[in-house]
file data-v4.cif (mmCIF, C-alpha atoms (C1' of nucleotides))
data_protein
#
loop_
_atom_site.label_atom_id
_atom_site.label_comp_id
_atom_site.auth_asym_id
_atom_site.auth_seq_id
_atom_site.Cartn_x
_atom_site.Cartn_y
_atom_site.Cartn_z
CA MET T 1441 -2.78 -3.45 19.70
CA THR T 1442 -2.32 -6.83 18.07
CA ASP T 1443 -6.07 -7.40 17.96
CA ARG T 1444 -6.57 -4.29 15.90
CA ARG T 1445 -3.81 -5.34 13.53
CA GLU T 1446 -5.38 -8.75 13.05
CA ALA T 1447 -8.77 -7.22 12.41
CA LEU T 1448 -7.25 -4.90 9.84
CA THR T 1449 -5.44 -7.83 8.21
CA ILE T 1450 -8.68 -9.77 7.93
CA GLY T 1451 -10.52 -6.77 6.57
CA ALA T 1452 -7.78 -5.91 4.10
CA THR T 1453 -7.69 -9.50 2.89
CA ALA T 1454 -11.42 -9.38 2.30
CA TRP T 1455 -10.96 -6.16 0.38
CA VAL T 1456 -8.27 -7.79 -1.75
CA LEU T 1457 -10.44 -10.83 -2.40
CA GLU T 1458 -13.04 -8.50 -3.84
CA HIS T 1459 -10.88 -5.91 -5.59
CA GLY T 1460 -7.69 -7.73 -6.41
CA LEU T 1461 -4.15 -7.41 -5.14
CA SER T 1462 -2.41 -5.78 -8.07
CA GLY T 1463 -3.85 -2.28 -7.99
CA LEU T 1464 -3.89 -2.05 -4.21
CA SER T 1465 -3.35 1.39 -2.70
CA LEU T 1466 -3.60 2.44 0.89
CA ARG T 1467 -6.30 5.10 0.82
CA PRO T 1468 -9.09 3.09 -0.84
CA VAL T 1469 -8.40 0.08 1.37
CA ALA T 1470 -8.42 2.27 4.45
CA LYS T 1471 -11.68 3.90 3.44
CA GLY T 1472 -13.20 0.47 2.85
CA LEU T 1473 -12.18 -0.50 6.38
CA GLY T 1474 -13.48 2.71 7.93
CA THR T 1475 -10.04 3.96 8.87
CA SER T 1476 -7.24 5.99 7.32
CA ASP T 1477 -4.08 5.25 5.40
CA ARG T 1478 -2.23 6.66 8.38
CA MET T 1479 -3.45 3.76 10.50
CA LEU T 1480 -2.46 1.12 7.96
CA VAL T 1481 1.06 2.52 7.87
CA TYR T 1482 1.07 2.66 11.67
CA TYR T 1483 0.11 -0.98 12.09
CA PHE T 1484 1.94 -2.51 9.13
CA GLY T 1485 4.91 -0.19 8.83
CA SER T 1486 4.53 0.32 5.11
CA LYS T 1487 2.49 -0.72 2.14
CA ASP T 1488 4.82 -3.67 1.61
CA GLY T 1489 4.17 -4.71 5.19
CA LEU T 1490 0.45 -4.63 4.57
CA VAL T 1491 0.75 -6.63 1.37
CA ALA T 1492 2.98 -9.16 3.13
CA ALA T 1493 0.44 -9.55 5.93
CA ILE T 1494 -2.37 -9.98 3.43
CA THR T 1495 -0.54 -12.57 1.34
CA GLU T 1496 0.49 -14.49 4.43
CA PHE T 1497 -3.02 -14.53 5.83
CA ALA T 1498 -4.59 -15.34 2.47
CA GLY T 1499 -2.12 -18.19 2.05
CA GLU T 1500 -3.15 -19.65 5.39
CA GLN T 1501 -6.81 -19.33 4.44
CA LEU T 1502 -6.24 -21.06 1.12
CA VAL T 1503 -4.33 -23.86 2.80
CA ALA T 1504 -7.13 -24.30 5.32
CA ALA T 1505 -9.69 -24.49 2.52
CA MET T 1506 -8.05 -27.38 0.65
CA PRO T 1507 -10.49 -30.18 -0.15
CA THR T 1508 -9.07 -32.80 2.16
CA ILE T 1509 -10.88 -35.97 3.12
CA ASP T 1510 -13.64 -35.63 5.68
CA PRO T 1511 -13.15 -38.61 8.05
CA ASN T 1512 -16.88 -38.69 8.74
CA ARG T 1513 -17.78 -38.90 5.07
CA PRO T 1514 -14.92 -40.63 3.29
CA PRO T 1515 -15.50 -40.62 -0.47
CA ARG T 1516 -16.10 -44.07 -1.81
CA SER T 1517 -14.15 -43.67 -5.01
CA ALA T 1518 -11.53 -41.55 -6.70
CA ARG T 1519 -14.30 -40.20 -8.85
CA ALA T 1520 -16.27 -39.12 -5.79
CA TRP T 1521 -13.30 -37.29 -4.30
CA LEU T 1522 -12.46 -35.61 -7.59
CA ASP T 1523 -16.06 -34.45 -7.93
CA GLN T 1524 -15.93 -33.17 -4.38
CA ALA T 1525 -12.69 -31.28 -5.00
CA TRP T 1526 -13.95 -29.90 -8.29
CA ALA T 1527 -17.19 -28.76 -6.73
CA LEU T 1528 -15.08 -26.70 -4.36
CA PHE T 1529 -12.76 -25.33 -7.03
CA SER T 1530 -15.60 -24.31 -9.30
CA ASN T 1531 -17.89 -23.01 -6.58
CA PRO T 1532 -18.73 -19.39 -7.37
CA ALA T 1533 -18.34 -18.50 -3.70
CA ILE T 1534 -14.74 -19.71 -3.84
CA ARG T 1535 -14.04 -17.86 -7.05
CA PRO T 1536 -12.47 -14.79 -5.41
CA ALA T 1537 -10.11 -17.06 -3.52
CA MET T 1538 -9.11 -18.84 -6.72
CA GLN T 1539 -8.57 -15.50 -8.41
CA LEU T 1540 -6.36 -14.38 -5.56
CA LEU T 1541 -4.44 -17.65 -5.71
CA PHE T 1542 -3.58 -17.14 -9.36
CA GLU T 1543 -2.79 -13.50 -8.70
CA LEU T 1544 -0.38 -14.61 -5.98
CA ASP T 1545 1.07 -17.17 -8.38
CA ALA T 1546 1.66 -14.50 -11.01
CA VAL T 1547 3.55 -12.34 -8.55
CA ALA T 1548 5.39 -15.34 -7.12
CA VAL T 1549 6.50 -16.47 -10.55
CA ARG T 1550 8.22 -13.19 -11.27
CA SER T 1551 10.04 -12.55 -8.00
CA PRO T 1552 10.68 -14.02 -4.57
CA GLY T 1553 9.15 -12.51 -1.45
CA PRO T 1554 6.04 -12.99 0.62
CA ALA T 1555 3.90 -13.81 -2.39
CA ARG T 1556 6.19 -16.61 -3.46
CA ASP T 1557 6.38 -17.94 0.08
CA ALA T 1558 2.60 -17.99 0.32
CA ALA T 1559 2.17 -19.53 -3.13
CA ALA T 1560 4.80 -22.16 -2.42
CA ALA T 1561 3.17 -23.03 0.90
CA VAL T 1562 -0.20 -23.44 -0.78
CA THR T 1563 1.30 -25.57 -3.55
CA GLU T 1564 3.19 -27.83 -1.17
CA ARG T 1565 0.17 -28.23 1.05
CA TRP T 1566 -1.90 -29.09 -1.98
CA LEU T 1567 0.60 -31.76 -3.01
CA HIS T 1568 0.50 -33.13 0.50
CA VAL T 1569 -3.30 -33.25 0.55
CA VAL T 1570 -3.46 -35.04 -2.78
CA GLY T 1571 -0.81 -37.48 -1.63
CA ASP T 1572 -2.80 -38.28 1.50
CA VAL T 1573 -5.93 -38.83 -0.52
CA LEU T 1574 -4.19 -41.19 -2.92
CA SER T 1575 -2.68 -43.02 0.01
CA GLU T 1576 -6.15 -43.34 1.49
CA PHE T 1577 -7.25 -45.03 -1.70
CA GLY T 1578 -4.58 -47.66 -1.21
CA ILE T 1579 -2.23 -46.48 -3.91
CA SER T 1580 1.35 -47.58 -3.33
CA ALA T 1581 4.04 -45.07 -2.46
CA ARG T 1582 5.80 -46.01 -5.67
CA ALA T 1583 2.78 -45.21 -7.82
CA ARG T 1584 2.05 -42.09 -5.79
CA ARG T 1585 5.43 -40.64 -6.63
CA GLY T 1586 4.35 -39.65 -10.10
CA LEU T 1587 0.61 -39.71 -9.62
CA THR T 1588 0.48 -37.16 -6.81
CA PRO T 1589 2.06 -34.24 -8.69
CA LEU T 1590 0.14 -35.26 -11.79
CA VAL T 1591 -3.24 -35.14 -10.07
CA ALA T 1592 -2.38 -31.96 -8.20
CA ALA T 1593 -1.17 -30.16 -11.32
CA SER T 1594 -4.12 -31.38 -13.34
CA LEU T 1595 -6.66 -29.91 -10.95
CA ILE T 1596 -4.83 -26.60 -10.74
CA GLY T 1597 -4.52 -26.45 -14.51
CA LEU T 1598 -8.17 -27.32 -14.99
CA ALA T 1599 -9.23 -24.70 -12.46
CA LEU T 1600 -7.19 -22.07 -14.28
CA GLU T 1601 -8.56 -23.09 -17.66
CA ASN T 1602 -12.07 -23.10 -16.25
CA LEU T 1603 -11.73 -19.53 -14.97
CA ILE T 1604 -10.42 -18.28 -18.29
CA THR T 1605 -12.37 -20.07 -20.98
CA GLU T 1606 -15.33 -21.80 -19.37
CA SER T 1607 -14.88 -24.32 -22.15
CA GLY T 1608 -16.41 -27.04 -20.00
CA THR T 1609 -13.79 -29.68 -20.70
CA ALA T 1610 -13.11 -30.29 -17.03
CA PRO T 1611 -15.72 -33.04 -16.45
CA ASP T 1612 -14.30 -35.16 -19.27
CA ALA T 1613 -10.79 -34.65 -17.99
CA LEU T 1614 -11.83 -35.55 -14.45
CA ARG T 1615 -13.51 -38.74 -15.66
CA THR T 1616 -10.30 -39.76 -17.41
CA LEU T 1617 -8.26 -38.82 -14.35
CA ALA T 1618 -10.50 -40.92 -12.13
CA GLY T 1619 -9.83 -43.85 -14.43
CA VAL T 1620 -6.10 -43.28 -14.11
CA ILE T 1621 -6.31 -43.26 -10.33
CA ASP T 1622 -8.44 -46.39 -10.24
CA ALA T 1623 -6.01 -48.15 -12.55
CA ALA T 1624 -3.17 -47.29 -10.17
CA ARG T 1625 -4.93 -49.05 -7.30
CA GLY T 1626 -3.86 -52.25 -8.95
CA MET H 1395 2.77 5.12 -39.63
CA THR H 1396 1.77 1.54 -39.05
CA ASP H 1397 5.37 0.36 -39.23
CA ARG H 1398 6.33 2.57 -36.33
CA ARG H 1399 3.41 1.35 -34.31
CA GLU H 1400 4.35 -2.26 -34.92
CA ALA H 1401 7.95 -1.60 -33.97
CA LEU H 1402 6.81 0.08 -30.76
CA THR H 1403 4.47 -2.85 -30.03
CA ILE H 1404 7.32 -5.32 -30.45
CA GLY H 1405 9.63 -3.24 -28.31
CA ALA H 1406 7.03 -2.69 -25.61
CA THR H 1407 6.30 -6.41 -25.53
CA ALA H 1408 9.98 -7.13 -25.05
CA TRP H 1409 10.03 -4.58 -22.24
CA VAL H 1410 7.06 -6.27 -20.60
CA LEU H 1411 8.65 -9.70 -20.94
CA GLU H 1412 11.57 -8.39 -18.96
CA HIS H 1413 9.86 -6.10 -16.45
CA GLY H 1414 6.38 -7.51 -16.11
CA LEU H 1415 2.98 -6.21 -17.12
CA SER H 1416 1.48 -5.25 -13.79
CA GLY H 1417 3.53 -2.21 -12.89
CA LEU H 1418 3.71 -0.86 -16.42
CA SER H 1419 3.80 2.90 -16.81
CA LEU H 1420 4.31 4.94 -19.93
CA ARG H 1421 7.42 6.94 -19.16
CA PRO H 1422 9.79 4.08 -18.26
CA VAL H 1423 8.63 2.02 -21.23
CA ALA H 1424 9.09 4.99 -23.53
CA LYS H 1425 12.56 5.66 -22.18
CA GLY H 1426 13.43 1.99 -22.70
CA LEU H 1427 12.35 2.30 -26.32
CA GLY H 1428 14.21 5.55 -26.87
CA THR H 1429 11.08 7.60 -27.29
CA SER H 1430 8.66 9.54 -25.13
CA ASP H 1431 5.38 8.81 -23.40
CA ARG H 1432 3.87 11.36 -25.74
CA MET H 1433 4.59 9.05 -28.68
CA LEU H 1434 3.09 5.99 -27.01
CA VAL H 1435 -0.12 7.88 -26.41
CA TYR H 1436 -0.03 9.14 -29.97
CA TYR H 1437 0.29 5.68 -31.50
CA PHE H 1438 -1.84 3.69 -29.08
CA GLY H 1439 -4.38 6.29 -28.00
CA SER H 1440 -3.98 5.61 -24.30
CA LYS H 1441 -2.22 3.38 -21.85
CA ASP H 1442 -5.03 0.86 -22.16
CA GLY H 1443 -4.50 0.84 -25.90
CA LEU H 1444 -0.83 0.08 -25.42
CA VAL H 1445 -1.55 -2.70 -22.96
CA ALA H 1446 -4.13 -4.16 -25.32
CA ALA H 1447 -1.64 -4.14 -28.19
CA ILE H 1448 1.00 -5.77 -26.01
CA THR H 1449 -1.30 -8.51 -24.73
CA GLU H 1450 -2.57 -9.23 -28.21
CA PHE H 1451 0.91 -9.45 -29.67
CA ALA H 1452 2.24 -11.47 -26.75
CA GLY H 1453 -0.69 -13.86 -27.12
CA GLU H 1454 0.18 -14.41 -30.78
CA GLN H 1455 3.81 -15.02 -29.88
CA LEU H 1456 2.87 -17.52 -27.21
CA VAL H 1457 0.56 -19.33 -29.60
CA ALA H 1458 3.31 -19.47 -32.20
CA ALA H 1459 5.73 -20.92 -29.65
CA MET H 1460 3.57 -23.91 -28.66
CA PRO H 1461 5.50 -27.20 -28.79
CA THR H 1462 3.69 -28.74 -31.72
CA ILE H 1463 4.99 -31.75 -33.64
CA ASP H 1464 7.84 -31.12 -35.99
CA PRO H 1465 6.95 -33.14 -39.15
CA ASN H 1466 10.64 -33.64 -39.90
CA ARG H 1467 11.39 -35.06 -36.48
CA PRO H 1468 8.21 -36.73 -35.27
CA PRO H 1469 8.66 -37.96 -31.68
CA ARG H 1470 8.63 -41.72 -31.45
CA SER H 1471 6.66 -41.95 -28.23
CA ALA H 1472 4.41 -40.00 -25.94
CA ARG H 1473 7.33 -39.84 -23.56
CA ALA H 1474 9.51 -38.26 -26.20
CA TRP H 1475 6.95 -35.59 -27.01
CA LEU H 1476 6.32 -34.85 -23.34
CA ASP H 1477 10.04 -34.48 -22.78
CA GLN H 1478 10.23 -32.19 -25.79
CA ALA H 1479 7.34 -30.05 -24.55
CA TRP H 1480 8.74 -29.95 -21.04
CA ALA H 1481 12.16 -28.97 -22.28
CA LEU H 1482 10.50 -25.97 -23.87
CA PHE H 1483 8.37 -25.08 -20.85
CA SER H 1484 11.28 -25.28 -18.44
CA ASN H 1485 13.81 -23.64 -20.73
CA PRO H 1486 15.25 -20.60 -18.92
CA ALA H 1487 15.11 -18.62 -22.16
CA ILE H 1488 11.35 -19.20 -22.30
CA ARG H 1489 10.88 -18.29 -18.68
CA PRO H 1490 9.90 -14.64 -19.27
CA ALA H 1491 7.24 -15.82 -21.70
CA MET H 1492 5.87 -18.27 -19.13
CA GLN H 1493 5.88 -15.53 -16.51
CA LEU H 1494 3.96 -13.26 -18.85
CA LEU H 1495 1.51 -16.05 -19.63
CA PHE H 1496 0.66 -16.50 -15.98
CA GLU H 1497 0.51 -12.76 -15.50
CA LEU H 1498 -1.99 -12.58 -18.36
CA ASP H 1499 -3.90 -15.44 -16.77
CA ALA H 1500 -4.10 -13.62 -13.47
CA VAL H 1501 -5.53 -10.54 -15.15
CA ALA H 1502 -7.81 -12.62 -17.33
CA VAL H 1503 -9.18 -14.50 -14.36
CA ARG H 1504 -10.35 -11.34 -12.66
CA SER H 1505 -11.95 -9.47 -15.53
CA PRO H 1506 -12.73 -9.73 -19.23
CA GLY H 1507 -10.90 -7.64 -21.79
CA PRO H 1508 -7.85 -8.00 -24.00
CA ALA H 1509 -5.96 -10.04 -21.42
CA ARG H 1510 -8.74 -12.60 -21.18
CA ASP H 1511 -9.06 -12.77 -24.95
CA ALA H 1512 -5.34 -13.38 -25.30
CA ALA H 1513 -5.25 -15.92 -22.47
CA ALA H 1514 -8.28 -17.74 -23.85
CA ALA H 1515 -6.73 -17.86 -27.31
CA VAL H 1516 -3.52 -19.31 -25.93
CA THR H 1517 -5.42 -21.87 -23.86
CA GLU H 1518 -7.60 -22.99 -26.75
CA ARG H 1519 -4.65 -23.20 -29.08
CA TRP H 1520 -2.84 -25.28 -26.51
CA LEU H 1521 -5.78 -27.66 -26.24
CA HIS H 1522 -5.81 -27.93 -30.00
CA VAL H 1523 -2.10 -28.67 -30.19
CA VAL H 1524 -2.32 -31.37 -27.53
CA GLY H 1525 -5.33 -32.88 -29.28
CA ASP H 1526 -3.41 -33.03 -32.55
CA VAL H 1527 -0.46 -34.69 -30.88
CA LEU H 1528 -2.64 -37.31 -29.23
CA SER H 1529 -4.36 -37.91 -32.53
CA GLU H 1530 -0.97 -38.36 -34.15
CA PHE H 1531 -0.24 -41.09 -31.62
CA GLY H 1532 -3.32 -42.97 -32.80
CA ILE H 1533 -5.51 -42.26 -29.82
CA SER H 1534 -9.20 -42.49 -30.59
CA ALA H 1535 -11.41 -39.42 -30.63
CA ARG H 1536 -13.39 -40.95 -27.79
CA ALA H 1537 -10.33 -41.35 -25.58
CA ARG H 1538 -9.04 -37.95 -26.59
CA ARG H 1539 -12.13 -36.23 -25.28
CA GLY H 1540 -11.00 -36.54 -21.71
CA LEU H 1541 -7.31 -37.09 -22.29
CA THR H 1542 -6.67 -33.89 -24.21
CA PRO H 1543 -7.79 -31.43 -21.51
CA LEU H 1544 -6.14 -33.63 -18.90
CA VAL H 1545 -2.75 -33.59 -20.60
CA ALA H 1546 -3.03 -29.89 -21.42
CA ALA H 1547 -3.98 -28.92 -17.88
CA SER H 1548 -1.31 -31.17 -16.39
CA LEU H 1549 1.48 -29.51 -18.30
CA ILE H 1550 0.25 -26.03 -17.48
CA GLY H 1551 -0.13 -26.94 -13.82
CA LEU H 1552 3.31 -28.52 -13.73
CA ALA H 1553 4.85 -25.49 -15.40
CA LEU H 1554 3.25 -23.22 -12.81
CA GLU H 1555 4.35 -25.41 -9.93
CA ASN H 1556 7.83 -25.59 -11.37
CA LEU H 1557 8.14 -21.81 -11.52
CA ILE H 1558 6.98 -21.38 -7.95
CA THR H 1559 8.53 -24.19 -5.96
CA GLU H 1560 11.18 -25.85 -8.10
CA SER H 1561 10.24 -28.96 -6.17
CA GLY H 1562 11.35 -31.15 -9.06
CA THR H 1563 8.30 -33.38 -9.11
CA ALA H 1564 7.62 -32.77 -12.78
CA PRO H 1565 9.73 -35.63 -14.21
CA ASP H 1566 7.90 -38.20 -12.11
CA ALA H 1567 4.57 -36.74 -13.08
CA LEU H 1568 5.54 -36.72 -16.75
CA ARG H 1569 6.60 -40.36 -16.59
CA THR H 1570 3.24 -41.29 -15.14
CA LEU H 1571 1.47 -39.15 -17.72
CA ALA H 1572 3.37 -40.87 -20.52
CA GLY H 1573 2.17 -44.20 -19.17
CA VAL H 1574 -1.41 -42.92 -19.21
CA ILE H 1575 -1.10 -41.83 -22.83
CA ASP H 1576 0.47 -45.10 -23.89
CA ALA H 1577 -2.28 -47.03 -22.15
CA ALA H 1578 -4.86 -45.03 -24.07
CA ARG H 1579 -3.35 -46.14 -27.40
CA GLY H 1580 -4.94 -49.47 -26.62
"C1'" DA L 500 -6.31 13.41 39.42
"C1'" DC L 501 -2.45 13.24 36.81
"C1'" DA L 502 1.70 11.81 34.08
"C1'" DG L 503 3.26 9.10 30.20
"C1'" DG L 504 2.99 6.01 26.77
"C1'" DT L 505 -0.18 4.40 23.00
"C1'" DT L 506 -3.26 5.34 19.37
"C1'" DT L 507 -5.51 8.41 16.00
"C1'" DG L 508 -6.61 12.76 13.18
"C1'" DT L 509 -5.02 16.63 10.13
"C1'" DA L 510 -2.22 18.44 6.85
"C1'" DG L 511 0.88 18.26 3.54
"C1'" DC L 512 5.48 17.00 1.17
"C1'" DG L 513 7.59 15.29 -2.96
"C1'" DC L 514 6.92 12.15 -6.57
"C1'" DC L 515 5.12 9.82 -10.48
"C1'" DC L 516 1.06 8.97 -12.98
"C1'" DG L 517 -1.95 9.46 -17.50
"C1'" DC L 518 -2.86 12.74 -20.48
"C1'" DT L 519 -3.05 17.21 -23.21
"C1'" DA L 520 -2.16 21.97 -25.27
"C1'" DC L 521 0.84 24.01 -28.24
"C1'" DA L 522 4.24 24.70 -31.38
"C1'" DA L 523 7.98 23.26 -34.07
"C1'" DG L 524 9.87 19.94 -37.41
"C1'" DC L 525 9.29 16.95 -41.14
"C1'" DC L 526 8.12 15.27 -45.71
"C1'" DC L 527 5.32 14.88 -49.68
"C1'" DT L 528 2.79 17.16 -53.40
"C1'" DA L 529 2.13 20.90 -56.52
"C1'" DT K 1209 9.78 26.71 -53.50
"C1'" DA K 1210 5.59 27.15 -51.00
"C1'" DG K 1211 1.83 24.98 -48.65
"C1'" DG K 1212 -0.23 21.48 -45.58
"C1'" DG K 1213 -0.93 17.44 -43.51
"C1'" DC K 1214 1.55 13.81 -40.54
"C1'" DT K 1215 4.82 13.30 -36.72
"C1'" DT K 1216 7.43 14.74 -32.65
"C1'" DG K 1217 9.37 17.70 -28.68
"C1'" DT K 1218 8.45 20.73 -24.56
"C1'" DA K 1219 6.01 21.89 -20.80
"C1'" DG K 1220 2.77 21.33 -17.60
"C1'" DC K 1221 -1.98 20.25 -15.48
"C1'" DG K 1222 -4.64 17.80 -12.09
"C1'" DG K 1223 -4.57 14.01 -9.28
"C1'" DG K 1224 -3.37 9.88 -6.64
"C1'" DC K 1225 0.49 7.77 -4.60
"C1'" DG K 1226 3.47 6.33 -0.22
"C1'" DC K 1227 4.81 8.32 3.60
"C1'" DT K 1228 5.70 11.66 7.57
"C1'" DA K 1229 5.58 15.67 10.98
"C1'" DC K 1230 2.91 17.22 14.51
"C1'" DA K 1231 -0.45 17.51 17.80
"C1'" DA K 1232 -4.64 16.07 19.95
"C1'" DA K 1233 -7.13 12.36 22.14
"C1'" DC K 1234 -7.17 8.31 24.62
"C1'" DC K 1235 -6.17 4.84 27.96
"C1'" DT K 1236 -3.59 3.01 31.87
"C1'" DG K 1237 -1.23 2.66 36.26
"C1'" DT K 1238 -0.29 5.09 40.38
#

call {"tool": "encode", "arguments": {"input": "data-v4.cif", "output": "structure tokens"}}
result
Amino acid sequence: MTDRREALTIGATAWVLEHGLSGLSLRPVAKGLGTSDRMLVYYFGSKDGLVAAITEFAGEQLVAAMPTIDPNRPPRSARAWLDQAWALFSNPAIRPAMQLLFELDAVAVRSPGPARDAAAAVTERWLHVVGDVLSEFGISARARRGLTPLVAASLIGLALENLITESGTAPDALRTLAGVIDAARG
Amino acid sequence: MTDRREALTIGATAWVLEHGLSGLSLRPVAKGLGTSDRMLVYYFGSKDGLVAAITEFAGEQLVAAMPTIDPNRPPRSARAWLDQAWALFSNPAIRPAMQLLFELDAVAVRSPGPARDAAAAVTERWLHVVGDVLSEFGISARARRGLTPLVAASLIGLALENLITESGTAPDALRTLAGVIDAARG
DNA sequence: ACAGGTTTGTAGCGCCCGCTACAAGCCCTA
DNA sequence: TAGGGCTTGTAGCGGGCGCTACAAACCTGT
């Protein structure tokens, strides 16, 4: 049934969030889900099918988790939104998702396929979200053209750096970035 | 002998640049190098030893390839240096190295070990290089504090985005970033 | 109650994996 | 030239891999 397949997809994605995508093999995943490799092949056709389903679902989850603007609590400044976004990116509970994102990126960078599709969707959505936020702050379309990809790339780069080195430079960078955004409001 | 080990490390790194690090297994690598898996185990102790040697060497290579300032041809503006750095990052010949960098990052993000050490070394070196460049442009230490990690993270984020989506937003972002740097020269 | 399609369990095939035992080859010293 | 360590080739072990054949169990509509 489709329900069962969805449940397995959700469970397998959770397994991947915890254990990583790279070393995935059917039997351990199946055991973790209380089923057998036979069933995973039955529902997903092959290991590639399972991985595709996981990446697709994980991509949707990541897109849904983007730190957009809450209409009920609109941030009062660029700084406030950046802090809000950074609090999400550096939240330990979100860490597995960030790890999976960069794992997807690594696969996507080397070859096309479901991983690249998912990574590209997440990236484009992220650009869109940042663009909306900047628009909300009254930044002109002309200024947004360069500022949107700059802000989006900065946050991704800082998140990656933060996961690797924990050097703690992000707050300073975010303060500077907030100044850049404020200056663009004109 | 140590010479043989170094030669195998170099060759294995080249193999990984072409084929990726994640699916590495001894026999294909050995065949590619004209030797046997037996020899790789002999010289590196185990597969983990080989991977550690590769990541370490690749990390050194990446560090050595950073787009620092050429004293003979100092760039005349932030824009010029950014263009120079971006030309390197988006150079097709460098692409395998960028792919390996993000593959190392993905491993590093999930667990400590040689990959994290290498990735952290590359990241810190990159921060250092960017800091030097900004200093060269006469930007104060105070302004550099936030600007250095911002510029470093931006370029990494843009490089990643560029490899995944080829959306072509990087030039606009770089133009904006150049304006930010120039403004900081005060 | 029963037939027929859908779902699941058992067993195992062939393959590649990391790694090792063993012996032969090699080269340097005496 | 003989000995003895460093280096290499051959063969294979145990195990996990993706995947499949086959049959039992299950559910559903009549």

call {"tool": "resolve_selection", "arguments": {"input": "data-v4.cif", "expression": "the PyMOL selection byres ((chain L and resi 524-527) around 8)", "output": "list in words"}}
result
DA523 and DT528 of chain L; DT1215 and DT1216 of chain K

call {"tool": "residues_around", "arguments": {"input": "data-v4.cif", "residues": "K:DG1223", "least_positions_apart": "6", "cutoff": "12 Å", "atoms": "all atoms listed in the file", "output": "count of residues only"}}
result
5

call {"tool": "resolve_selection", "arguments": {"input": "data-v4.cif", "expression": "the PyMOL selection byres ((chain T) within 10 of (chain L))", "output": "number ranges by chain"}}
result
T: 1441, 1475-1476, 1478-1479, 1482

call {"tool": "write_last_selection", "arguments": {"input": "data-v4.cif", "atoms": "C-alpha atoms", "output": "compact mmCIF listing (two decimals), in the coordinates of the input"}}
result
# COMPACT_ATOMS: atom_id res chain seq x y z
CA MET T 1441 -2.78 -3.45 19.70
CA THR T 1475 -10.04 3.96 8.87
CA SER T 1476 -7.24 5.99 7.32
CA ARG T 1478 -2.23 6.66 8.38
CA MET T 1479 -3.45 3.76 10.50
CA TYR T 1482 1.07 2.66 11.67

call {"tool": "residues_around", "arguments": {"input": "data-v4.cif", "residues": "H:Thr1517", "least_positions_apart": "4", "cutoff": "8 Å", "atoms": "only C-alpha atoms (C1' of nucleotides)", "output": "PDB file with C-alpha atoms, keeping the file's coordinate frame"}}
result
ATOM      1  CA  GLU T1601      -8.560 -23.090 -17.660  1.00  0.00           C
ATOM      2  CA  THR T1605     -12.370 -20.070 -20.980  1.00  0.00           C
TER       3      THR T1605
ATOM      4  CA  ALA H1513      -5.250 -15.920 -22.470  1.00  0.00           C
ATOM      5  CA  LEU H1521      -5.780 -27.660 -26.240  1.00  0.00           C
TER       6      LEU H1521
END

call {"tool": "closest_residue", "arguments": {"input": "data-v4.cif", "among": "T:Leu1502, T:Ile1621, T:Ile1579, T:Leu1473", "to": "chain H", "atoms": "all atoms listed in the file"}}
result
T:Ile1621
